[in-house]
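Undergrad: Structure file start_23.txt, compact mmCIF, C-alpha atoms, is pasted below:
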# COMPACT_ATOMS: atom_id res chain seq x y z
CA MET A 114 5.64 -24.05 30.84
CA ILE A 115 2.55 -22.51 32.39
CA LYS A 116 0.32 -24.30 29.88
CA VAL A 117 1.94 -27.63 30.74
CA LEU A 118 1.36 -27.06 34.46
CA SER A 119 -2.21 -26.05 33.74
CA PHE A 120 -2.67 -29.23 31.71
CA LEU A 121 -1.13 -31.33 34.50
CA LYS A 122 -3.59 -29.75 36.92
CA TYR A 123 -6.31 -31.65 35.05
CA LEU A 124 -4.37 -34.69 33.83
CA ILE A 125 -3.11 -35.86 37.21
CA PRO A 126 -6.53 -35.97 38.96
CA PHE A 127 -8.09 -37.50 35.83
CA THR A 128 -5.44 -40.24 35.81
CA LEU A 129 -5.65 -40.90 39.54
CA LEU A 130 -9.44 -41.09 39.50
CA LEU A 131 -9.52 -43.52 36.57
CA PHE A 132 -6.65 -45.52 38.03
CA ALA A 133 -8.41 -45.93 41.38
CA ALA A 134 -11.66 -46.96 39.69
CA GLN A 135 -9.95 -49.53 37.48
CA TYR A 136 -7.65 -50.79 40.21
CA TYR A 137 -10.54 -51.61 42.54
CA GLY A 138 -12.66 -52.89 39.66
CA THR A 139 -9.98 -55.29 38.49
CA ALA A 140 -9.27 -56.34 42.09
CA ALA A 141 -12.85 -57.54 42.33
CA ILE A 142 -12.53 -59.46 39.05
CA SER A 143 -9.00 -60.73 39.63
CA GLN A 144 -10.22 -63.61 41.77
CA ASP A 145 -11.54 -65.16 38.55
CA HIS A 146 -9.05 -63.69 36.08
CA ASP A 147 -5.32 -63.01 36.25
CA PHE A 148 -4.68 -59.81 34.29
CA PHE A 149 -1.69 -59.76 31.93
CA TYR A 150 -0.77 -56.11 32.66
CA ALA A 151 -0.76 -54.42 36.03
CA THR A 152 -3.12 -51.47 36.20
CA TRP A 153 -0.27 -49.10 37.06
CA SER A 154 1.63 -50.03 33.87
CA ILE A 155 -1.38 -49.24 31.69
CA TYR A 156 -1.87 -45.87 33.36
CA LEU A 157 1.83 -45.04 33.28
CA PHE A 158 1.84 -45.67 29.52
CA LEU A 159 -1.31 -43.57 28.98
CA PHE A 160 -0.17 -40.74 31.26
CA VAL A 161 3.26 -40.42 29.67
CA THR A 162 1.99 -40.60 26.08
CA THR A 163 -0.78 -38.08 26.79
CA LEU A 164 1.66 -35.65 28.40
CA LEU A 165 4.19 -36.03 25.56
CA ILE A 166 1.50 -35.46 22.94
CA TYR A 167 0.27 -32.29 24.64
CA VAL A 168 3.81 -30.91 25.04
CA LEU A 169 4.44 -31.57 21.34
CA LEU A 170 1.14 -29.90 20.44
CA LEU A 171 2.11 -26.85 22.49
CA PHE A 172 5.40 -26.66 20.59
CA VAL A 173 3.69 -26.98 17.22
CA ASN A 174 1.01 -24.48 18.20
CA ALA A 175 3.62 -21.93 19.29
CA ASN A 176 5.76 -22.29 16.15
CA PHE A 177 3.38 -23.50 13.41
CA PRO A 178 -0.15 -22.73 14.62
CA ASP A 179 -1.77 -23.72 11.31
CA PHE A 180 -0.48 -27.28 11.72
CA THR A 181 -1.66 -27.99 15.26
CA GLY A 182 -4.59 -30.10 14.06
CA PHE A 183 -2.36 -32.13 11.78
CA ALA A 184 0.10 -32.61 14.63
CA PHE A 185 -2.74 -33.91 16.80
CA LEU A 186 -3.77 -36.40 14.12
CA GLY A 187 -0.18 -37.53 13.60
CA THR A 188 0.59 -37.94 17.29
CA THR A 189 -2.67 -39.79 17.83
CA PHE A 190 -1.70 -42.20 15.06
CA VAL A 191 1.73 -42.71 16.64
CA LYS A 192 0.06 -43.33 20.01
CA MET A 193 -2.17 -45.97 18.40
CA MET A 194 0.89 -47.73 16.99
CA ALA A 195 2.60 -47.50 20.39
CA ALA A 196 -0.50 -49.07 21.96
CA VAL A 197 -0.29 -51.98 19.52
CA VAL A 198 3.41 -52.45 20.36
CA PHE A 199 2.54 -52.25 24.07
CA LEU A 200 -0.08 -54.98 23.60
CA ILE A 201 2.02 -57.35 21.43
CA PRO A 202 3.04 -59.59 24.38
CA LEU A 203 -0.63 -59.96 25.31
CA ILE A 204 -1.69 -60.65 21.74
CA GLN A 205 1.03 -63.27 21.31
CA SER A 206 0.32 -65.04 24.59
CA GLU A 207 -1.18 -68.45 24.04
CA GLY A 208 -3.84 -70.13 26.08
CA ARG A 209 -5.19 -66.90 27.57
CA GLU A 210 -8.61 -65.38 27.42
CA THR A 211 -7.64 -61.85 26.37
CA ASN A 212 -11.00 -60.07 26.17
CA LEU A 213 -10.85 -58.67 29.71
CA ASP A 214 -7.21 -57.69 29.29
CA ILE A 215 -7.91 -55.83 26.07
CA ALA A 216 -10.92 -54.09 27.63
CA ALA A 217 -8.79 -53.17 30.66
CA PHE A 218 -6.45 -51.36 28.26
CA PHE A 219 -8.76 -49.86 25.67
CA ILE A 220 -11.46 -48.44 27.94
CA PRO A 221 -8.97 -46.05 29.62
CA TYR A 222 -7.19 -45.58 26.27
CA PHE A 223 -10.32 -44.11 24.72
CA LEU A 224 -11.06 -42.02 27.82
CA PHE A 225 -7.55 -40.56 27.62
CA LEU A 226 -8.07 -39.98 23.89
CA LEU A 227 -11.25 -38.03 24.66
CA PHE A 228 -9.32 -36.04 27.28
CA GLU A 229 -6.57 -35.25 24.76
CA THR A 230 -9.11 -34.27 22.13
CA VAL A 231 -10.86 -31.81 24.44
CA PHE A 232 -7.61 -30.08 25.35
CA SER A 233 -6.35 -30.13 21.77
CA VAL A 234 -9.54 -28.49 20.50
CA ARG A 235 -9.21 -25.84 23.22
CA LEU A 236 -5.63 -25.23 22.14
CA ILE A 237 -6.59 -24.94 18.47
CA ASN A 238 -9.50 -22.58 19.20
CA LYS A 239 -7.34 -20.20 21.29
CA ARG A 240 -5.38 -19.08 18.24
What do you get writing this file as structure tokens?
TA:
Amino acid sequence: MIKVLSFLKYLIPFTLLLFAAQYYGTAAISQDHDFFYATWSIYLFLFVTTLLIYVLLLFVNANFPDFTGFAFLGTTFVKMMAAVVFLIPLIQSEGRETNLDIAAFFIPYFLFLLFETVFSVRLINKR
């Protein structure tokens, strides 16, 4: 539980900082482009999946420490598939220019992935 709270101590400010930057950035662009997803929904998805992945990695690391790296790879793959499912309505929408919408999702997605990777490597190296 302490490790989760320690992780949240970094995840919450990271999420809020990126959210604020993207929210005001998209507000400036939104006069020319109507975004498919609200910024809060993207960050809610990324926050929840990142937290769930780290909690699962803590469980695996506590019970099967040799498989923590494999668990990270597996959960990252599942998160990628969840991202595709999350984006299906956007992909299937017709008559929309989707480049900005996809960038609005995948730029924070990869930043969250980098964040997860840093904390996962720290967890693996503490064995």
Undergrad: Which one of A:Tyr137, A:Phe190, A:Phe148, A:Phe132 sits closest to Pro221 of chain A if you count only C-alpha atoms?
TA: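 Selected residue with least distance to Pro221 of chain A: A:Phe132.
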Undergrad: If I put a ball of radius 12 Å at (0.5, -26.6, 14.0) in the file's coordinates, which residues poke into it when counting all atoms listed in the file, written as a list in words?
TA: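 Checking each residue against the 12 Å limit leaves Leu169, Leu170, Leu171, Phe172, Val173, Asn174, Ala175, Asn176, Phe177, Pro178, Asp179, Phe180, Thr181, Gly182, Phe183, Ala184, Phe185, Leu186, Gly187, Thr188, Ser233, Leu236, Ile237, Asn238 and Arg240 of chain A.
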Undergrad: Could those selected residues go to a file with C-alpha atoms, as a PDB file, in the coordinates of the input?
TA:
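What landed in out.pdb:
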ATOM      1  CA  LEU A 169       4.440 -31.570  21.340  1.00  0.00           C
ATOM      2  CA  LEU A 170       1.140 -29.900  20.440  1.00  0.00           C
ATOM      3  CA  LEU A 171       2.110 -26.850  22.490  1.00  0.00           C
ATOM      4  CA  PHE A 172       5.400 -26.660  20.590  1.00  0.00           C
ATOM      5  CA  VAL A 173       3.690 -26.980  17.220  1.00  0.00           C
ATOM      6  CA  ASN A 174       1.010 -24.480  18.200  1.00  0.00           C
ATOM      7  CA  ALA A 175       3.620 -21.930  19.290  1.00  0.00           C
ATOM      8  CA  ASN A 176       5.760 -22.290  16.150  1.00  0.00           C
ATOM      9  CA  PHE A 177       3.380 -23.500  13.410  1.00  0.00           C
ATOM     10  CA  PRO A 178      -0.150 -22.730  14.620  1.00  0.00           C
ATOM     11  CA  ASP A 179      -1.770 -23.720  11.310  1.00  0.00           C
ATOM     12  CA  PHE A 180      -0.480 -27.280  11.720  1.00  0.00           C
ATOM     13  CA  THR A 181      -1.660 -27.990  15.260  1.00  0.00           C
ATOM     14  CA  GLY A 182      -4.590 -30.100  14.060  1.00  0.00           C
ATOM     15  CA  PHE A 183      -2.360 -32.130  11.780  1.00  0.00           C
ATOM     16  CA  ALA A 184       0.100 -32.610  14.630  1.00  0.00           C
ATOM     17  CA  PHE A 185      -2.740 -33.910  16.800  1.00  0.00           C
ATOM     18  CA  LEU A 186      -3.770 -36.400  14.120  1.00  0.00           C
ATOM     19  CA  GLY A 187      -0.180 -37.530  13.600  1.00  0.00           C
ATOM     20  CA  THR A 188       0.590 -37.940  17.290  1.00  0.00           C
ATOM     21  CA  SER A 233      -6.350 -30.130  21.770  1.00  0.00           C
ATOM     22  CA  LEU A 236      -5.630 -25.230  22.140  1.00  0.00           C
ATOM     23  CA  ILE A 237      -6.590 -24.940  18.470  1.00  0.00           C
ATOM     24  CA  ASN A 238      -9.500 -22.580  19.200  1.00  0.00           C
ATOM     25  CA  ARG A 240      -5.380 -19.080  18.240  1.00  0.00           C
TER      26      ARG A 240
END
Undergrad: Between A:Leu131, A:Ile201, A:Leu164, A:Ala140, which is the closest to Phe223 of chain A once you count all atoms listed in the file?
TA: A:Leu131
Undergrad: Measuring atom to atom with only C-alpha atoms, identify which of A:Tyr222, A:Phe120, A:Ile115, A:Ile142 is nearest to Leu157 of chain A.
TA: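 Answer, going by the shortest atom-to-atom distance: A:Tyr222.
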Undergrad: Find the residue from A:Val234, A:Ala217, A:Ala196, A:Leu130 that sits nearest to Tyr150 of chain A; use all atoms listed in the file when measuring.
TA: A:Ala217
Undergrad: Rounded to one decimal, what separation in Å do you get between atom CA of Phe149 of chain A and atom CA of Leu165 of chain A?
TA: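 Separating atom CA of Phe149 of chain A from atom CA of Leu165 of chain A is a distance of 25.3 Å.
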Undergrad: Residues at most 10 Å from Asp214 of chain A, counting all atoms listed in the file, excluding those fewer than 6 positions away in the same chain, as JSON, numbers by chain?
TA: {"A": [139, 146, 147, 148, 149, 150, 151, 200, 203, 204]}
Undergrad: What does the distance from atom CA of Phe225 of chain A to atom CA of Glu210 of chain A come to in Å, to one decimal?
TA: 24.8 Å
Undergrad: Between atom CA of Ile215 of chain A and atom CA of Lys122 of chain A, what distance in Å does the model show, to one decimal?
TA: 28.6 Å
